[in-house]
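Below is the file my_file.pdb, which contains PDB, C-alpha atoms, pLDDT in the B column.
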ATOM      1  CA  PRO E   9       5.857  29.851  18.493  1.00 41.00           C
ATOM      2  CA  HIS E  10       2.301  31.172  18.037  1.00 44.00           C
ATOM      3  CA  PHE E  11       1.773  29.020  14.960  1.00 44.00           C
ATOM      4  CA  THR E  12       3.236  25.962  16.707  1.00 45.00           C
ATOM      5  CA  THR E  13       0.758  26.442  19.557  1.00 44.00           C
ATOM      6  CA  ALA E  14      -2.053  26.866  17.054  1.00 44.00           C
ATOM      7  CA  VAL E  15      -1.061  23.647  15.275  1.00 45.00           C
ATOM      8  CA  ILE E  16      -0.991  21.711  18.561  1.00 45.00           C
ATOM      9  CA  GLN E  17      -4.407  23.078  19.509  1.00 45.00           C
ATOM     10  CA  PHE E  18      -5.724  22.288  16.027  1.00 46.00           C
ATOM     11  CA  LEU E  19      -4.470  18.699  16.149  1.00 48.00           C
ATOM     12  CA  SER E  20      -5.986  18.287  19.613  1.00 47.00           C
ATOM     13  CA  ASN E  21      -9.418  19.572  18.665  1.00 48.00           C
ATOM     14  CA  ASN E  22      -9.823  18.569  15.019  1.00 49.00           C
ATOM     15  CA  SER E  23      -9.492  15.654  12.698  1.00 47.00           C
ATOM     16  CA  ILE E  24      -7.263  15.944   9.633  1.00 45.00           C
ATOM     17  CA  SER E  25      -8.714  14.898   6.309  1.00 46.00           C
ATOM     18  CA  PHE E  26      -6.453  13.571   3.576  1.00 45.00           C
ATOM     19  CA  PRO E  27      -7.523  12.956  -0.014  1.00 46.00           C
ATOM     20  CA  LYS E  28      -8.307   9.351  -0.753  1.00 48.00           C
ATOM     21  CA  THR E  29      -5.854   7.626  -3.003  1.00 44.00           C
ATOM     22  CA  ASN E  30      -6.932   5.826  -6.130  1.00 46.00           C
ATOM     23  CA  LYS E  31      -4.049   3.409  -5.948  1.00 44.00           C
ATOM     24  CA  GLN E  32      -5.063  -0.210  -6.165  1.00 43.00           C
ATOM     25  CA  PRO E  33      -3.616  -2.928  -3.902  1.00 39.00           C
ATOM     26  CA  HIS E  34      -0.282  -4.230  -5.053  1.00 41.00           C
ATOM     27  CA  HIS E  35      -1.484  -7.834  -5.114  1.00 41.00           C
ATOM     28  CA  THR E  36      -2.238  -9.316  -8.519  1.00 37.00           C
ATOM     29  CA  THR E  37      -3.405 -12.813  -9.322  1.00 37.00           C
ATOM     30  CA  LYS E  38      -3.343 -14.656 -12.602  1.00 39.00           C
ATOM     31  CA  GLN E  39      -6.518 -16.471 -13.556  1.00 39.00           C
ATOM     32  CA  ASN E  40      -5.875 -20.108 -14.244  1.00 39.00           C
ATOM     33  CA  LYS E  41      -8.605 -22.731 -14.052  1.00 38.00           C
ATOM     34  CA  ASN E  42      -6.075 -25.460 -13.283  1.00 39.00           C
ATOM     35  CA  ILE E  43      -4.742 -23.757 -10.170  1.00 32.00           C
ATOM     36  CA  LYS E  44      -6.569 -23.838  -6.841  1.00 37.00           C
ATOM     37  CA  ILE E  45      -5.725 -21.104  -4.398  1.00 31.00           C
ATOM     38  CA  ASN E  46      -5.588 -22.230  -0.796  1.00 38.00           C
ATOM     39  CA  SER E  47      -7.261 -19.897   1.699  1.00 37.00           C
ATOM     40  CA  THR E  48      -3.986 -19.431   3.544  1.00 40.00           C
ATOM     41  CA  THR E  49      -2.429 -17.771   0.484  1.00 40.00           C
ATOM     42  CA  THR E  50      -5.017 -15.032   0.004  1.00 43.00           C
ATOM     43  CA  PRO E  51      -3.757 -11.432   0.231  1.00 50.00           C
ATOM     44  CA  LYS E  52      -5.533 -10.891   3.554  1.00 56.00           C
ATOM     45  CA  ASN E  53      -3.823 -13.856   5.191  1.00 66.00           C
ATOM     46  CA  ASN E  54      -0.507 -12.884   3.621  1.00 75.00           C
ATOM     47  CA  HIS E  55      -0.811  -9.534   5.394  1.00 74.00           C
ATOM     48  CA  HIS E  56      -1.682 -11.312   8.617  1.00 70.00           C
ATOM     49  CA  ASN E  57       1.265 -13.688   8.291  1.00 76.00           C
ATOM     50  CA  THR E  58       3.644 -10.796   7.636  1.00 78.00           C
ATOM     51  CA  PHE E  59       2.325  -9.021  10.729  1.00 76.00           C
ATOM     52  CA  GLN E  60       2.720 -12.146  12.867  1.00 77.00           C
ATOM     53  CA  HIS E  61       6.237 -12.721  11.555  1.00 76.00           C
ATOM     54  CA  ASN E  62       7.138  -9.132  12.404  1.00 74.00           C
ATOM     55  CA  MET E  63       5.774  -9.513  15.937  1.00 79.00           C
ATOM     56  CA  ILE E  64       7.660 -12.774  16.479  1.00 81.00           C
ATOM     57  CA  SER E  65      10.927 -11.173  15.327  1.00 82.00           C
ATOM     58  CA  LEU E  66      10.744  -8.516  18.072  1.00 84.00           C
ATOM     59  CA  ASN E  67      12.885  -8.893  21.171  1.00 87.00           C
ATOM     60  CA  PRO E  68      11.164  -8.591  24.603  1.00 89.00           C
ATOM     61  CA  GLN E  69      11.799  -4.844  24.927  1.00 88.00           C
ATOM     62  CA  GLN E  70      10.588  -4.162  21.391  1.00 88.00           C
ATOM     63  CA  LYS E  71       7.466  -6.248  21.920  1.00 89.00           C
ATOM     64  CA  ILE E  72       6.588  -4.317  25.081  1.00 88.00           C
ATOM     65  CA  ALA E  73       6.826  -1.090  23.101  1.00 86.00           C
ATOM     66  CA  ALA E  74       4.804  -2.418  20.161  1.00 86.00           C
ATOM     67  CA  THR E  75       1.989  -3.774  22.347  1.00 89.00           C
ATOM     68  CA  SER E  76       1.787  -0.900  24.832  1.00 86.00           C
ATOM     69  CA  PRO E  77      -1.847   0.271  25.296  1.00 86.00           C
ATOM     70  CA  GLY E  78      -2.824   2.920  22.783  1.00 83.00           C
ATOM     71  CA  SER E  79      -4.380   5.045  25.519  1.00 83.00           C
ATOM     72  CA  LEU E  80      -0.988   5.686  27.138  1.00 81.00           C
ATOM     73  CA  PRO E  81       1.739   8.080  25.876  1.00 85.00           C
ATOM     74  CA  LEU E  82       4.900   6.309  24.823  1.00 84.00           C
ATOM     75  CA  LEU E  83       8.442   7.611  24.303  1.00 87.00           C
ATOM     76  CA  LEU E  84      11.108   5.360  22.797  1.00 84.00           C
ATOM     77  CA  ILE E  85      14.785   6.272  22.628  1.00 86.00           C
ATOM     78  CA  ALA E  86      16.885   4.034  20.394  1.00 84.00           C
ATOM     79  CA  GLY E  87      20.010   4.309  18.280  1.00 84.00           C
ATOM     80  CA  PRO E  88      20.595   3.544  14.583  1.00 83.00           C
ATOM     81  CA  GLY E  89      19.930  -0.021  13.509  1.00 84.00           C
ATOM     82  CA  SER E  90      18.029  -0.911  16.677  1.00 85.00           C
ATOM     83  CA  GLY E  91      14.781  -1.749  14.873  1.00 85.00           C
ATOM     84  CA  LYS E  92      12.820   1.473  15.352  1.00 86.00           C
ATOM     85  CA  THR E  93      10.903   1.154  12.083  1.00 87.00           C
ATOM     86  CA  ARG E  94      10.107  -2.492  12.773  1.00 88.00           C
ATOM     87  CA  VAL E  95       8.709  -1.574  16.196  1.00 89.00           C
ATOM     88  CA  LEU E  96       6.771   1.361  14.775  1.00 88.00           C
ATOM     89  CA  THR E  97       5.113  -0.670  12.026  1.00 89.00           C
ATOM     90  CA  ALA E  98       4.371  -3.497  14.464  1.00 90.00           C
ATOM     91  CA  ARG E  99       2.728  -1.015  16.815  1.00 90.00           C
ATOM     92  CA  VAL E 100       0.580   0.411  14.024  1.00 90.00           C
ATOM     93  CA  GLY E 101      -0.581  -3.097  13.119  1.00 89.00           C
ATOM     94  CA  PHE E 102      -1.190  -3.975  16.768  1.00 89.00           C
ATOM     95  CA  LEU E 103      -3.313  -0.887  17.432  1.00 89.00           C
ATOM     96  CA  LEU E 104      -5.434  -1.541  14.354  1.00 88.00           C
ATOM     97  CA  ARG E 105      -5.840  -5.275  14.956  1.00 85.00           C
ATOM     98  CA  GLN E 106      -6.747  -4.700  18.602  1.00 83.00           C
ATOM     99  CA  GLU E 107      -9.215  -1.978  17.518  1.00 79.00           C
ATOM    100  CA  GLN E 108      -7.509   0.571  19.767  1.00 76.00           C
ATOM    101  CA  ALA E 109      -7.377   3.112  16.942  1.00 80.00           C
ATOM    102  CA  ASN E 110      -9.679   4.005  14.050  1.00 82.00           C
ATOM    103  CA  GLY E 111      -7.135   6.281  12.427  1.00 87.00           C
ATOM    104  CA  ILE E 112      -3.373   6.667  12.817  1.00 89.00           C
ATOM    105  CA  LEU E 113      -1.105   9.514  11.731  1.00 90.00           C
ATOM    106  CA  CYS E 114       2.447   8.171  11.376  1.00 88.00           C
ATOM    107  CA  LEU E 115       5.082  10.904  11.029  1.00 90.00           C
ATOM    108  CA  SER E 116       8.774  10.750  10.130  1.00 89.00           C
ATOM    109  CA  PHE E 117      11.464  13.341   9.566  1.00 89.00           C
ATOM    110  CA  SER E 118      12.789  12.238   6.184  1.00 88.00           C
ATOM    111  CA  ARG E 119      11.069  11.158   2.994  1.00 91.00           C
ATOM    112  CA  ALA E 120      13.198   8.009   2.909  1.00 91.00           C
ATOM    113  CA  ALA E 121      11.962   6.927   6.347  1.00 89.00           C
ATOM    114  CA  SER E 122       8.392   7.734   5.365  1.00 91.00           C
ATOM    115  CA  THR E 123       8.690   5.653   2.192  1.00 92.00           C
ATOM    116  CA  THR E 124      10.238   2.709   4.050  1.00 91.00           C
ATOM    117  CA  THR E 125       7.510   2.807   6.690  1.00 90.00           C
ATOM    118  CA  GLN E 126       4.796   2.957   4.023  1.00 91.00           C
ATOM    119  CA  GLN E 127       6.285  -0.002   2.153  1.00 91.00           C
ATOM    120  CA  ARG E 128       6.474  -2.157   5.273  1.00 89.00           C
ATOM    121  CA  LEU E 129       2.934  -1.274   6.291  1.00 90.00           C
ATOM    122  CA  SER E 130       1.631  -2.108   2.807  1.00 89.00           C
ATOM    123  CA  ASN E 131       3.014  -5.643   3.248  1.00 88.00           C
ATOM    124  CA  MET E 132       1.508  -5.949   6.716  1.00 85.00           C
ATOM    125  CA  LEU E 133      -1.904  -4.294   6.454  1.00 87.00           C
ATOM    126  CA  THR E 134      -4.949  -5.024   4.334  1.00 87.00           C
ATOM    127  CA  PRO E 135      -6.177  -2.272   1.975  1.00 87.00           C
ATOM    128  CA  LEU E 136      -8.935  -1.422   4.462  1.00 88.00           C
ATOM    129  CA  GLU E 137      -6.417  -1.131   7.299  1.00 87.00           C
ATOM    130  CA  GLN E 138      -4.090   0.937   5.118  1.00 88.00           C
ATOM    131  CA  SER E 139      -6.917   3.414   4.517  1.00 90.00           C
ATOM    132  CA  LYS E 140      -6.897   4.124   8.262  1.00 91.00           C
ATOM    133  CA  VAL E 141      -3.207   5.061   8.316  1.00 90.00           C
ATOM    134  CA  LYS E 142      -1.579   8.212   6.927  1.00 92.00           C
ATOM    135  CA  VAL E 143       2.212   8.098   6.644  1.00 92.00           C
ATOM    136  CA  CYS E 144       4.002  11.339   5.830  1.00 92.00           C
ATOM    137  CA  THR E 145       6.805  13.636   6.971  1.00 93.00           C
ATOM    138  CA  PHE E 146       6.470  16.394   9.564  1.00 90.00           C
ATOM    139  CA  HIS E 147       7.140  18.906   6.803  1.00 90.00           C
ATOM    140  CA  SER E 148       4.380  17.685   4.478  1.00 92.00           C
ATOM    141  CA  LEU E 149       1.884  17.593   7.354  1.00 91.00           C
ATOM    142  CA  CYS E 150       2.730  21.136   8.440  1.00 90.00           C
ATOM    143  CA  LEU E 151       2.571  22.343   4.839  1.00 91.00           C
ATOM    144  CA  ARG E 152      -0.879  20.782   4.486  1.00 91.00           C
ATOM    145  CA  LEU E 153      -2.037  22.518   7.674  1.00 90.00           C
ATOM    146  CA  CYS E 154      -0.547  25.821   6.504  1.00 89.00           C
ATOM    147  CA  ARG E 155      -2.407  25.568   3.202  1.00 90.00           C
ATOM    148  CA  GLN E 156      -5.650  24.641   4.948  1.00 90.00           C
ATOM    149  CA  HIS E 157      -5.319  27.410   7.558  1.00 90.00           C
ATOM    150  CA  PRO E 158      -3.139  30.256   6.203  1.00 88.00           C
ATOM    151  CA  GLU E 159      -4.780  32.639   8.669  1.00 88.00           C
ATOM    152  CA  LEU E 160      -2.800  30.940  11.480  1.00 85.00           C
ATOM    153  CA  LEU E 161       0.591  31.843   9.999  1.00 82.00           C
ATOM    154  CA  GLY E 162       0.666  35.348  11.457  1.00 76.00           C
ATOM    155  CA  MET E 163       1.478  36.856   8.054  1.00 73.00           C
ATOM    156  CA  GLY E 164      -1.763  38.768   7.508  1.00 77.00           C
ATOM    157  CA  LEU E 165      -3.249  36.082   5.259  1.00 80.00           C
ATOM    158  CA  ASP E 166      -6.954  35.349   5.162  1.00 85.00           C
ATOM    159  CA  LYS E 167      -8.470  31.889   5.310  1.00 85.00           C
ATOM    160  CA  ASN E 168      -8.982  31.775   1.538  1.00 85.00           C
ATOM    161  CA  ASP E 169      -5.525  33.120   0.643  1.00 85.00           C
ATOM    162  CA  SER E 170      -2.811  30.934  -0.868  1.00 83.00           C
ATOM    163  CA  PHE E 171       0.971  30.993  -0.880  1.00 82.00           C
ATOM    164  CA  LYS E 172       3.885  29.247  -2.539  1.00 81.00           C
ATOM    165  CA  LEU E 173       7.152  27.914  -1.196  1.00 83.00           C
ATOM    166  CA  ILE E 174      10.466  29.492  -2.131  1.00 82.00           C
ATOM    167  CA  SER E 175      13.766  27.633  -2.008  1.00 83.00           C
ATOM    168  CA  ALA E 176      16.975  28.841  -0.387  1.00 80.00           C
ATOM    169  CA  GLY E 177      18.500  29.250  -3.858  1.00 85.00           C
ATOM    170  CA  GLU E 178      15.627  31.478  -4.954  1.00 86.00           C
ATOM    171  CA  ILE E 179      16.042  33.600  -1.819  1.00 85.00           C
ATOM    172  CA  VAL E 180      19.742  34.058  -2.643  1.00 87.00           C
ATOM    173  CA  GLN E 181      18.839  35.274  -6.154  1.00 87.00           C
ATOM    174  CA  LEU E 182      16.229  37.582  -4.668  1.00 84.00           C
ATOM    175  CA  CYS E 183      18.727  38.954  -2.150  1.00 85.00           C
ATOM    176  CA  ARG E 184      21.329  39.481  -4.876  1.00 86.00           C
ATOM    177  CA  LYS E 185      18.857  41.550  -6.926  1.00 86.00           C
ATOM    178  CA  ILE E 186      17.988  43.667  -3.907  1.00 84.00           C
ATOM    179  CA  VAL E 187      21.647  44.337  -3.111  1.00 82.00           C
ATOM    180  CA  ASP E 188      22.577  45.065  -6.756  1.00 84.00           C
ATOM    181  CA  ASN E 189      19.789  47.654  -6.974  1.00 83.00           C
ATOM    182  CA  ASN E 190      20.943  49.435  -3.829  1.00 80.00           C
ATOM    183  CA  ILE E 191      24.518  50.683  -4.261  1.00 81.00           C
ATOM    184  CA  GLU E 192      24.738  52.189  -0.775  1.00 79.00           C
ATOM    185  CA  LEU E 193      23.541  49.010   0.874  1.00 76.00           C
ATOM    186  CA  LYS E 194      25.831  46.933  -1.337  1.00 80.00           C
ATOM    187  CA  ASN E 195      28.890  48.971  -0.276  1.00 81.00           C
ATOM    188  CA  GLU E 196      27.968  48.694   3.407  1.00 77.00           C
ATOM    189  CA  LEU E 197      27.531  44.930   3.175  1.00 77.00           C
ATOM    190  CA  ASN E 198      30.807  44.590   1.264  1.00 79.00           C
ATOM    191  CA  ASN E 199      32.564  46.478   4.048  1.00 77.00           C
ATOM    192  CA  LEU E 200      31.110  43.985   6.506  1.00 74.00           C
ATOM    193  CA  GLY E 201      32.248  41.070   4.348  1.00 79.00           C
ATOM    194  CA  MET E 202      28.679  39.856   3.778  1.00 79.00           C
ATOM    195  CA  ASP E 203      27.604  38.473   0.407  1.00 83.00           C
ATOM    196  CA  PRO E 204      24.047  37.417  -0.575  1.00 83.00           C
ATOM    197  CA  SER E 205      24.660  33.766   0.363  1.00 86.00           C
ATOM    198  CA  SER E 206      25.856  34.595   3.879  1.00 86.00           C
ATOM    199  CA  ILE E 207      22.991  37.064   4.314  1.00 85.00           C
ATOM    200  CA  VAL E 208      20.407  34.448   3.346  1.00 87.00           C
ATOM    201  CA  THR E 209      22.032  31.874   5.629  1.00 89.00           C
ATOM    202  CA  ARG E 210      21.677  34.277   8.517  1.00 89.00           C
ATOM    203  CA  ILE E 211      18.090  35.132   7.582  1.00 88.00           C
ATOM    204  CA  LEU E 212      17.192  31.442   7.538  1.00 88.00           C
ATOM    205  CA  HIS E 213      18.813  30.956  10.953  1.00 91.00           C
ATOM    206  CA  ALA E 214      16.834  33.934  12.250  1.00 91.00           C
ATOM    207  CA  LYS E 215      13.597  32.479  10.891  1.00 87.00           C
ATOM    208  CA  SER E 216      14.381  29.112  12.477  1.00 88.00           C
ATOM    209  CA  SER E 217      14.680  30.934  15.807  1.00 91.00           C
ATOM    210  CA  SER E 218      11.419  32.857  15.196  1.00 88.00           C
ATOM    211  CA  LEU E 219      13.333  36.139  14.913  1.00 91.00           C
ATOM    212  CA  GLY E 220      12.026  38.844  12.604  1.00 89.00           C
ATOM    213  CA  PRO E 221      13.645  42.057  11.302  1.00 90.00           C
ATOM    214  CA  GLU E 222      12.360  43.903  14.376  1.00 91.00           C
ATOM    215  CA  ASP E 223      14.681  41.784  16.552  1.00 93.00           C
ATOM    216  CA  PHE E 224      17.839  43.233  14.950  1.00 92.00           C
ATOM    217  CA  ASN E 225      17.656  46.902  15.937  1.00 90.00           C
ATOM    218  CA  GLN E 226      21.333  46.784  16.911  1.00 89.00           C
ATOM    219  CA  GLU E 227      22.324  45.739  13.381  1.00 87.00           C
ATOM    220  CA  PRO E 228      20.656  48.258  11.040  1.00 85.00           C
ATOM    221  CA  ASN E 229      22.341  46.963   7.863  1.00 82.00           C
ATOM    222  CA  PHE E 230      21.205  43.389   8.383  1.00 85.00           C
ATOM    223  CA  GLN E 231      17.809  44.577   9.605  1.00 87.00           C
ATOM    224  CA  ASN E 232      17.383  46.617   6.444  1.00 86.00           C
ATOM    225  CA  ILE E 233      18.206  43.779   4.053  1.00 84.00           C
ATOM    226  CA  TYR E 234      16.066  41.382   6.111  1.00 87.00           C
ATOM    227  CA  GLN E 235      13.082  43.745   5.814  1.00 87.00           C
ATOM    228  CA  LEU E 236      13.625  44.194   2.080  1.00 84.00           C
ATOM    229  CA  VAL E 237      13.788  40.435   1.524  1.00 84.00           C
ATOM    230  CA  GLN E 238      10.599  39.929   3.538  1.00 83.00           C
ATOM    231  CA  ARG E 239       8.716  42.568   1.582  1.00 82.00           C
ATOM    232  CA  LYS E 240       9.927  41.196  -1.748  1.00 79.00           C
ATOM    233  CA  MET E 241       8.898  37.669  -0.818  1.00 78.00           C
ATOM    234  CA  VAL E 242       5.380  38.798   0.094  1.00 71.00           C
ATOM    235  CA  SER E 243       5.039  40.562  -3.268  1.00 69.00           C
ATOM    236  CA  ILE E 244       6.094  37.547  -5.351  1.00 64.00           C
TER     237      ILE E 244
END

Structure re-expressed in structure tokens:
Amino acid sequence: PHFTTAVIQFLSNNSISFPKTNKQPHHTTKQNKNIKINSTTTPKNNHHNTFQHNMISLNPQQKIAATSPGSLPLLLIAGPGSGKTRVLTARVGFLLRQEQANGILCLSFSRAASTTTQQRLSNMLTPLEQSKVKVCTFHSLCLRLCRQHPELLGMGLDKNDSFKLISAGEIVQLCRKIVDNNIELKNELNNLGMDPSSIVTRILHAKSSSLGPEDFNQEPNFQNIYQLVQRKMVSI
């Protein structure tokens, strides 16, 4: 909770810098002296036409959402297949074309949704407009903030410290080593019917609920293994 509050405060008071990409625009043209290119077929106008086509395809409710003033908060609730991504990309284009935003952070939950959104925006926006939009997942944004400001994690890290991510599978292996090296603990956990996988699952649930080892005083066995896993992870 403390880190979440810190992130919200950070986003409210600071701008987020992302490294510039060296990717070139997807549009390629073949040089041919016998072919004249009409101005309406230039990449810029192709982007504009795609944007206009997207706006025209919106139903009245979707268009209201896409063209809502950028200065007002907006919450949309819609089911699968209702055109959420189409509305979102149309809104991004609208805010940029109406000069209501100089920079837009567009977040999604999954990588697939992020990729789809990026692809649609690349067909709709010019390279200059695309440079004003950052599309990524919540997870990648939070990871970037964590790496930029490790001192906000509440783990005793300094601003210049670094860390690495560990997967659930790696935590299971780590837990198994801890249990195998502690016969007494291993016997107690076996009596409780808890194996390394179930222990890690519970630890992950505890972390998701912002619960640390100190919150399990009534369960000394689990508290002990939780503490050992935490210490081992810090030492990796």

Could you tell me, as a PyMOL selection string, exactly which residues end up selected when the PyMOL selection byres ((chain E and resi 182-196) around 10) is applied to this structure?
chain E and resi 176-181+197-205+207-208+229-230+232-234+236-238+240-241

Considering all atoms listed in the file, return as a PDB file with C-alpha atoms, in the frame of the given file whatever protein or nucleic-acid residues lie within 8 Å of range 55-59 of chain E, sequence-local ones (same chain, fewer than 3 positions apart) excluded.
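So part37.pdb came out as:
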ATOM      1  CA  PRO E  51      -3.757 -11.432   0.231  1.00 50.00           C
ATOM      2  CA  LYS E  52      -5.533 -10.891   3.554  1.00 56.00           C
ATOM      3  CA  ASN E  62       7.138  -9.132  12.404  1.00 74.00           C
ATOM      4  CA  MET E  63       5.774  -9.513  15.937  1.00 79.00           C
ATOM      5  CA  ALA E  98       4.371  -3.497  14.464  1.00 90.00           C
ATOM      6  CA  GLY E 101      -0.581  -3.097  13.119  1.00 89.00           C
ATOM      7  CA  ASN E 131       3.014  -5.643   3.248  1.00 88.00           C
ATOM      8  CA  MET E 132       1.508  -5.949   6.716  1.00 85.00           C
ATOM      9  CA  LEU E 133      -1.904  -4.294   6.454  1.00 87.00           C
ATOM     10  CA  THR E 134      -4.949  -5.024   4.334  1.00 87.00           C
TER      11      THR E 134
END

List as a JSON list (two decimals) with C-alpha atoms, in the frame of the given file the protein and nucleic acid residues near Ile112 in chain E, meaning an atom at most 10 Å away when only C-alpha atoms are counted, but skip any in the same chain fewer than 3 places from it.
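Saved result, out_6.json, follows:
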[["chain", "number", "residue", "atom", "x", "y", "z"],
["E", 100, "VAL", "CA", 0.58, 0.41, 14.02],
["E", 103, "LEU", "CA", -3.31, -0.89, 17.43],
["E", 104, "LEU", "CA", -5.43, -1.54, 14.35],
["E", 109, "ALA", "CA", -7.38, 3.11, 16.94],
["E", 115, "LEU", "CA", 5.08, 10.90, 11.03],
["E", 138, "GLN", "CA", -4.09, 0.94, 5.12],
["E", 139, "SER", "CA", -6.92, 3.41, 4.52],
["E", 140, "LYS", "CA", -6.90, 4.12, 8.26],
["E", 141, "VAL", "CA", -3.21, 5.06, 8.32],
["E", 142, "LYS", "CA", -1.58, 8.21, 6.93],
["E", 143, "VAL", "CA", 2.21, 8.10, 6.64]]

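For the pair CA of Ser130 in chain E and CA of Ser76 in chain E, the separation is 22.1 Å.
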
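With all atoms listed in the file as the basis for measurement, E:Gln70 is the residue among E:Gln235, E:Ser118, E:Thr209, E:Gln70 that approaches Ala86 in chain E most closely.
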
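Going from CA of Cys154 in chain E to CA of Ser116 in chain E covers 18.1 Å.
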
If you measure from CA of Phe117 in chain E to CA of Lys71 in chain E, what distance in Å do you get, rounded to one decimal?
23.5 Å

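Within 10 Å of Cys144 in chain E, once only C-alpha atoms are used and residues closer than 4 positions along the same chain are dropped, the contacting residues are Leu113, Cys114, Leu115, Ser116, Phe117, Ser118, Arg119, Ala121, Ser122, Thr123, Thr125, Gln126, Ser148 and Leu149 of chain E.
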
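Evaluated against the shown file, the PyMOL selection byres ((chain E and resi 171) around 12) gives Leu151, Arg152, Cys154, Arg155, Gln156, His157, Pro158, Glu159, Leu161, Met163, Gly164, Leu165, Asp166, Lys167, Asn168, Asp169, Ser170, Lys172, Leu173, Ile174, Met241, Val242, Ser243 and Ile244 of chain E.
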